[in-house]
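Here is the structure we will look at.
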Amino acid sequence: MSPGKKRAAIICVLIVAGMTAGWLTFNLGLDFLLGGRTFG
Amino acid sequence: MKKAAWGALYTLVFLLSFGIGVALTPMFAEGFGGLGKVDWNEAMGTVETDIAYGSGPLHKFDLYLPADRVRATKLVVYIHAGGFTGGDKADDEDIAKYFASKGYVAATLNYSLRRDANDVNVKTMSDEVRRGVAAIVEAARSRGYLVDAMAIGGGSAGGTLAMIYAYRDAERAPVPVKAVISLVGPASFDPRGWFGIEDDFASDESAASGAAFVSIMTGEQVTVEMMRSGQYQDVLKPITPTGLLTPGAPPTLVAFGALDKVAPFAASTGLLQALDRQDIPHDALVFPNSGHALNRDPKMSHALEVKIDAYLGRYLPLD
């Protein structure tokens, strides 16, 4: 694999990982906000 | 490009993607409880905020008054979420506007919140809700809205407080309580269901943690011995919707997230059995892919909105 293709693949993986992490953070954060620290 | 520059670029790509992931999620998620946002305008009604019902800083409610005063003889009170430690009545502005847009007088209220430095507990909060509801009815009537029946609902902690009001305080309510709606509201604080304790508090650890939990929730000093003898259940009863149910309780609509880790669904399954046993009209919507925020099942959110409308239409109809 050429260095250019390798870097493009890394960027694709990072985009997917970043968006997934953002989605998870929002969902878990929302659960926590509604539940508050009593139930956390 | 140097290695460090590529590293910085990769970091930037990840962070940007993370931000986009956070930003896009609410755009595709349904509102809590599936209730659609209303494009509120002055022709639909008026909103009065921060009306006091007591002397405490949080003893305040907001009133949403529909334009058609003659038709608006029914009240919907909605109590905010926040784990008894946070949240605000303003969080549910959209929900209250939704009810007001249908022609109901709607209200949201604040109640004292648990802090490390105070002894506020679910019992004191539920007593405040009782006083708040009385003040809400009085305020509506004094503004020419002749409220003669109500429904009460809430999310999470607010759902619990709504059920406590409906099952414990409805007999003393200023107007008949015709329905209760609880979205992810815990129906029991029994530590066994809450924390999955299976040894009936035989171990010192489970008994001590159970006693601490019950003490915080009730404001009563509960001991390890009380946990082991079962006496703690008497202490919990005034704040346990499941235990407060009587055959005359109002029709109940509940929604839960099957994957809820914040307020475990398992702690509330007893409510469904009790509703069956007491033959109380009820519906339970379980969101299979959602946690505490009920935000990962769009079809269920829509079904819940339909069901809420059906409950109001059936049990709290407007003339």
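By order of appearance in the structure tokens: chains A, B, ..., then residues from 1 within every chain, and ligands from 1 in the order shown.
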Fewer than 6 positions away in the same chain doesn't count, so skip those; otherwise give me all residues within 8 Å of region 8-21 of chain A, counting only C-alpha atoms, as number ranges by chain.
-> B: 10, 13-22
Show me which bits of chain B are within 9 Å of chain A, counting only C-alpha atoms, as number ranges by chain.
-> B: 6, 9-11, 13-26, 80-87, 114, 155-157, 260-263, 291-296
Create the file for the chosen residues now, containing N, CA and C atoms and written as a short mmCIF file (atom, residue, chain, number, x, y, z; two decimals), in the first residue's frame.
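Result went into selection-v3.cif, see below:
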data_model
loop_
_atom_site.label_atom_id
_atom_site.label_comp_id
_atom_site.auth_asym_id
_atom_site.auth_seq_id
_atom_site.Cartn_x
_atom_site.Cartn_y
_atom_site.Cartn_z
N TRP B 6 1.66 15.09 10.62
CA TRP B 6 0.63 14.08 10.35
C TRP B 6 -0.11 13.71 11.64
N LEU B 9 -2.54 16.34 12.38
CA LEU B 9 -3.67 16.25 11.45
C LEU B 9 -4.62 15.12 11.86
N TYR B 10 -4.04 13.97 12.22
CA TYR B 10 -4.88 12.84 12.65
C TYR B 10 -5.70 13.23 13.89
N THR B 11 -5.04 13.91 14.83
CA THR B 11 -5.74 14.33 16.06
C THR B 11 -6.88 15.27 15.71
N VAL B 13 -8.48 15.52 12.87
CA VAL B 13 -9.56 14.77 12.18
C VAL B 13 -10.43 14.05 13.21
N PHE B 14 -9.78 13.41 14.20
CA PHE B 14 -10.54 12.68 15.22
C PHE B 14 -11.43 13.64 16.01
N LEU B 15 -10.84 14.76 16.43
CA LEU B 15 -11.61 15.71 17.25
C LEU B 15 -12.78 16.30 16.47
N LEU B 16 -12.53 16.63 15.21
CA LEU B 16 -13.61 17.17 14.37
C LEU B 16 -14.73 16.15 14.20
N SER B 17 -14.33 14.91 13.96
CA SER B 17 -15.32 13.84 13.79
C SER B 17 -16.10 13.63 15.09
N PHE B 18 -15.39 13.71 16.20
CA PHE B 18 -16.04 13.57 17.51
C PHE B 18 -17.11 14.66 17.67
N GLY B 19 -16.72 15.90 17.34
CA GLY B 19 -17.65 17.03 17.44
C GLY B 19 -18.85 16.84 16.52
N ILE B 20 -18.59 16.38 15.31
CA ILE B 20 -19.70 16.14 14.36
C ILE B 20 -20.62 15.04 14.89
N GLY B 21 -20.01 14.00 15.48
CA GLY B 21 -20.81 12.90 16.06
C GLY B 21 -21.72 13.41 17.16
N VAL B 22 -21.18 14.27 18.04
CA VAL B 22 -21.98 14.85 19.13
C VAL B 22 -23.09 15.72 18.55
N ALA B 23 -22.73 16.54 17.55
CA ALA B 23 -23.70 17.50 17.00
C ALA B 23 -24.81 16.83 16.20
N LEU B 24 -24.46 15.75 15.49
CA LEU B 24 -25.46 15.10 14.63
C LEU B 24 -26.47 14.27 15.42
N THR B 25 -26.02 13.71 16.55
CA THR B 25 -26.89 12.79 17.29
C THR B 25 -28.24 13.41 17.67
N PRO B 26 -28.25 14.61 18.30
CA PRO B 26 -29.57 15.16 18.66
C PRO B 26 -30.41 15.53 17.45
N HIS B 80 -39.86 17.77 36.32
CA HIS B 80 -38.58 17.59 35.61
C HIS B 80 -37.72 16.45 36.16
N ALA B 81 -36.80 16.01 35.29
CA ALA B 81 -35.84 14.95 35.62
C ALA B 81 -34.61 15.55 36.30
N GLY B 82 -33.68 14.68 36.64
CA GLY B 82 -32.41 15.15 37.20
C GLY B 82 -31.93 14.38 38.41
N GLY B 83 -32.42 13.15 38.56
CA GLY B 83 -31.90 12.28 39.62
C GLY B 83 -32.06 12.84 41.01
N PHE B 84 -33.04 13.69 41.24
CA PHE B 84 -33.32 14.33 42.54
C PHE B 84 -32.20 15.28 42.96
N THR B 85 -31.22 15.45 42.09
CA THR B 85 -30.09 16.32 42.45
C THR B 85 -29.92 17.47 41.46
N GLY B 86 -30.63 17.44 40.36
CA GLY B 86 -30.44 18.47 39.34
C GLY B 86 -31.69 18.66 38.51
N GLY B 87 -31.53 19.40 37.42
CA GLY B 87 -32.64 19.68 36.52
C GLY B 87 -33.39 20.93 36.92
N ARG B 114 -31.55 17.44 46.24
CA ARG B 114 -30.60 16.83 47.17
C ARG B 114 -29.19 17.37 46.93
N GLY B 155 -40.46 12.99 34.03
CA GLY B 155 -39.38 12.18 33.52
C GLY B 155 -38.41 11.81 34.62
N SER B 156 -38.00 10.54 34.65
CA SER B 156 -37.01 10.06 35.60
C SER B 156 -37.45 10.38 37.03
N ALA B 157 -36.65 11.18 37.76
CA ALA B 157 -37.05 11.54 39.13
C ALA B 157 -38.44 12.16 39.13
N ASP B 260 -31.51 0.60 30.32
CA ASP B 260 -31.27 1.66 31.31
C ASP B 260 -30.31 1.18 32.40
N LYS B 261 -29.15 1.85 32.48
CA LYS B 261 -28.20 1.50 33.54
C LYS B 261 -28.24 2.54 34.66
N VAL B 262 -28.92 3.64 34.40
CA VAL B 262 -28.97 4.73 35.39
C VAL B 262 -30.02 4.43 36.45
N ALA B 263 -31.22 4.11 36.00
CA ALA B 263 -32.28 3.68 36.92
C ALA B 263 -32.78 2.35 36.37
N GLY B 291 -31.46 3.59 26.61
CA GLY B 291 -31.13 3.66 28.02
C GLY B 291 -32.09 4.63 28.71
N HIS B 292 -31.57 5.38 29.65
CA HIS B 292 -32.41 6.24 30.47
C HIS B 292 -33.03 7.40 29.68
N ALA B 293 -32.40 7.78 28.58
CA ALA B 293 -32.88 8.95 27.83
C ALA B 293 -33.92 8.59 26.77
N LEU B 294 -34.24 7.32 26.61
CA LEU B 294 -35.26 6.87 25.64
C LEU B 294 -35.05 7.46 24.25
N ASN B 295 -33.81 7.56 23.83
CA ASN B 295 -33.56 8.30 22.59
C ASN B 295 -33.01 7.46 21.44
N ARG B 296 -33.14 6.12 21.54
CA ARG B 296 -32.60 5.31 20.46
C ARG B 296 -33.66 4.40 19.82
#
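Using only C-alpha atoms, the protein and nucleic acid residues lying no more than 10 Å from Ile308 (chain B), apart from those fewer than 5 places from it along its own chain, are Gly33, Gly34, Leu35, Val180, Ile181, Leu253, Val254, His302, Ala303, Gly313 and Arg314 of chain B.
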All strand (DSSP E) residues (DSSP, backbone) inside region 69-259 of chain B, as a ChimeraX atom specification | /B:74-79,105-109,149-155,177-183,252-257
Excluding region 238-242 of chain B and any residue of its chain fewer than 3 positions from it, enumerate the residues within 9 Å of it, using only C-alpha atoms, and give them as a list in words.
->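 Skipping anything fewer than 3 positions along the chain leaves Val122, Lys123, Ser126, Thr160, Leu161, Met163, Ile164, Tyr165, Ala166, Tyr167, Arg168, Pro186, Ala187, Ser188, Phe189, Asp190, Met217, Thr218, Asp234, Val235, Leu245, Ser268, Gly270, Leu271, Leu272, Gln273, Ala274 and Leu275 of chain B.
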Identify all residues of region 90-319 of chain B in alpha helix (DSSP H) (DSSP on the backbone) and supply them as an MDAnalysis selection string.
-> chainID B and resid 93:101 122:142 157:164 191:195 204:218 224:229 232:236 241:244 269:277 298:315
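Our summary of the geometry notes that CA of Asn121 (chain B) is positioned 25.8 Å from CA of Glu198 (chain B).
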Within 10 Å of Ala212 (chain B), counting only C-alpha atoms, which residues qualify if same-chain residues fewer than 3 places away don't, as a PyMOL selection string?
-> chain B and resi 191+206-209+215-217+220-224
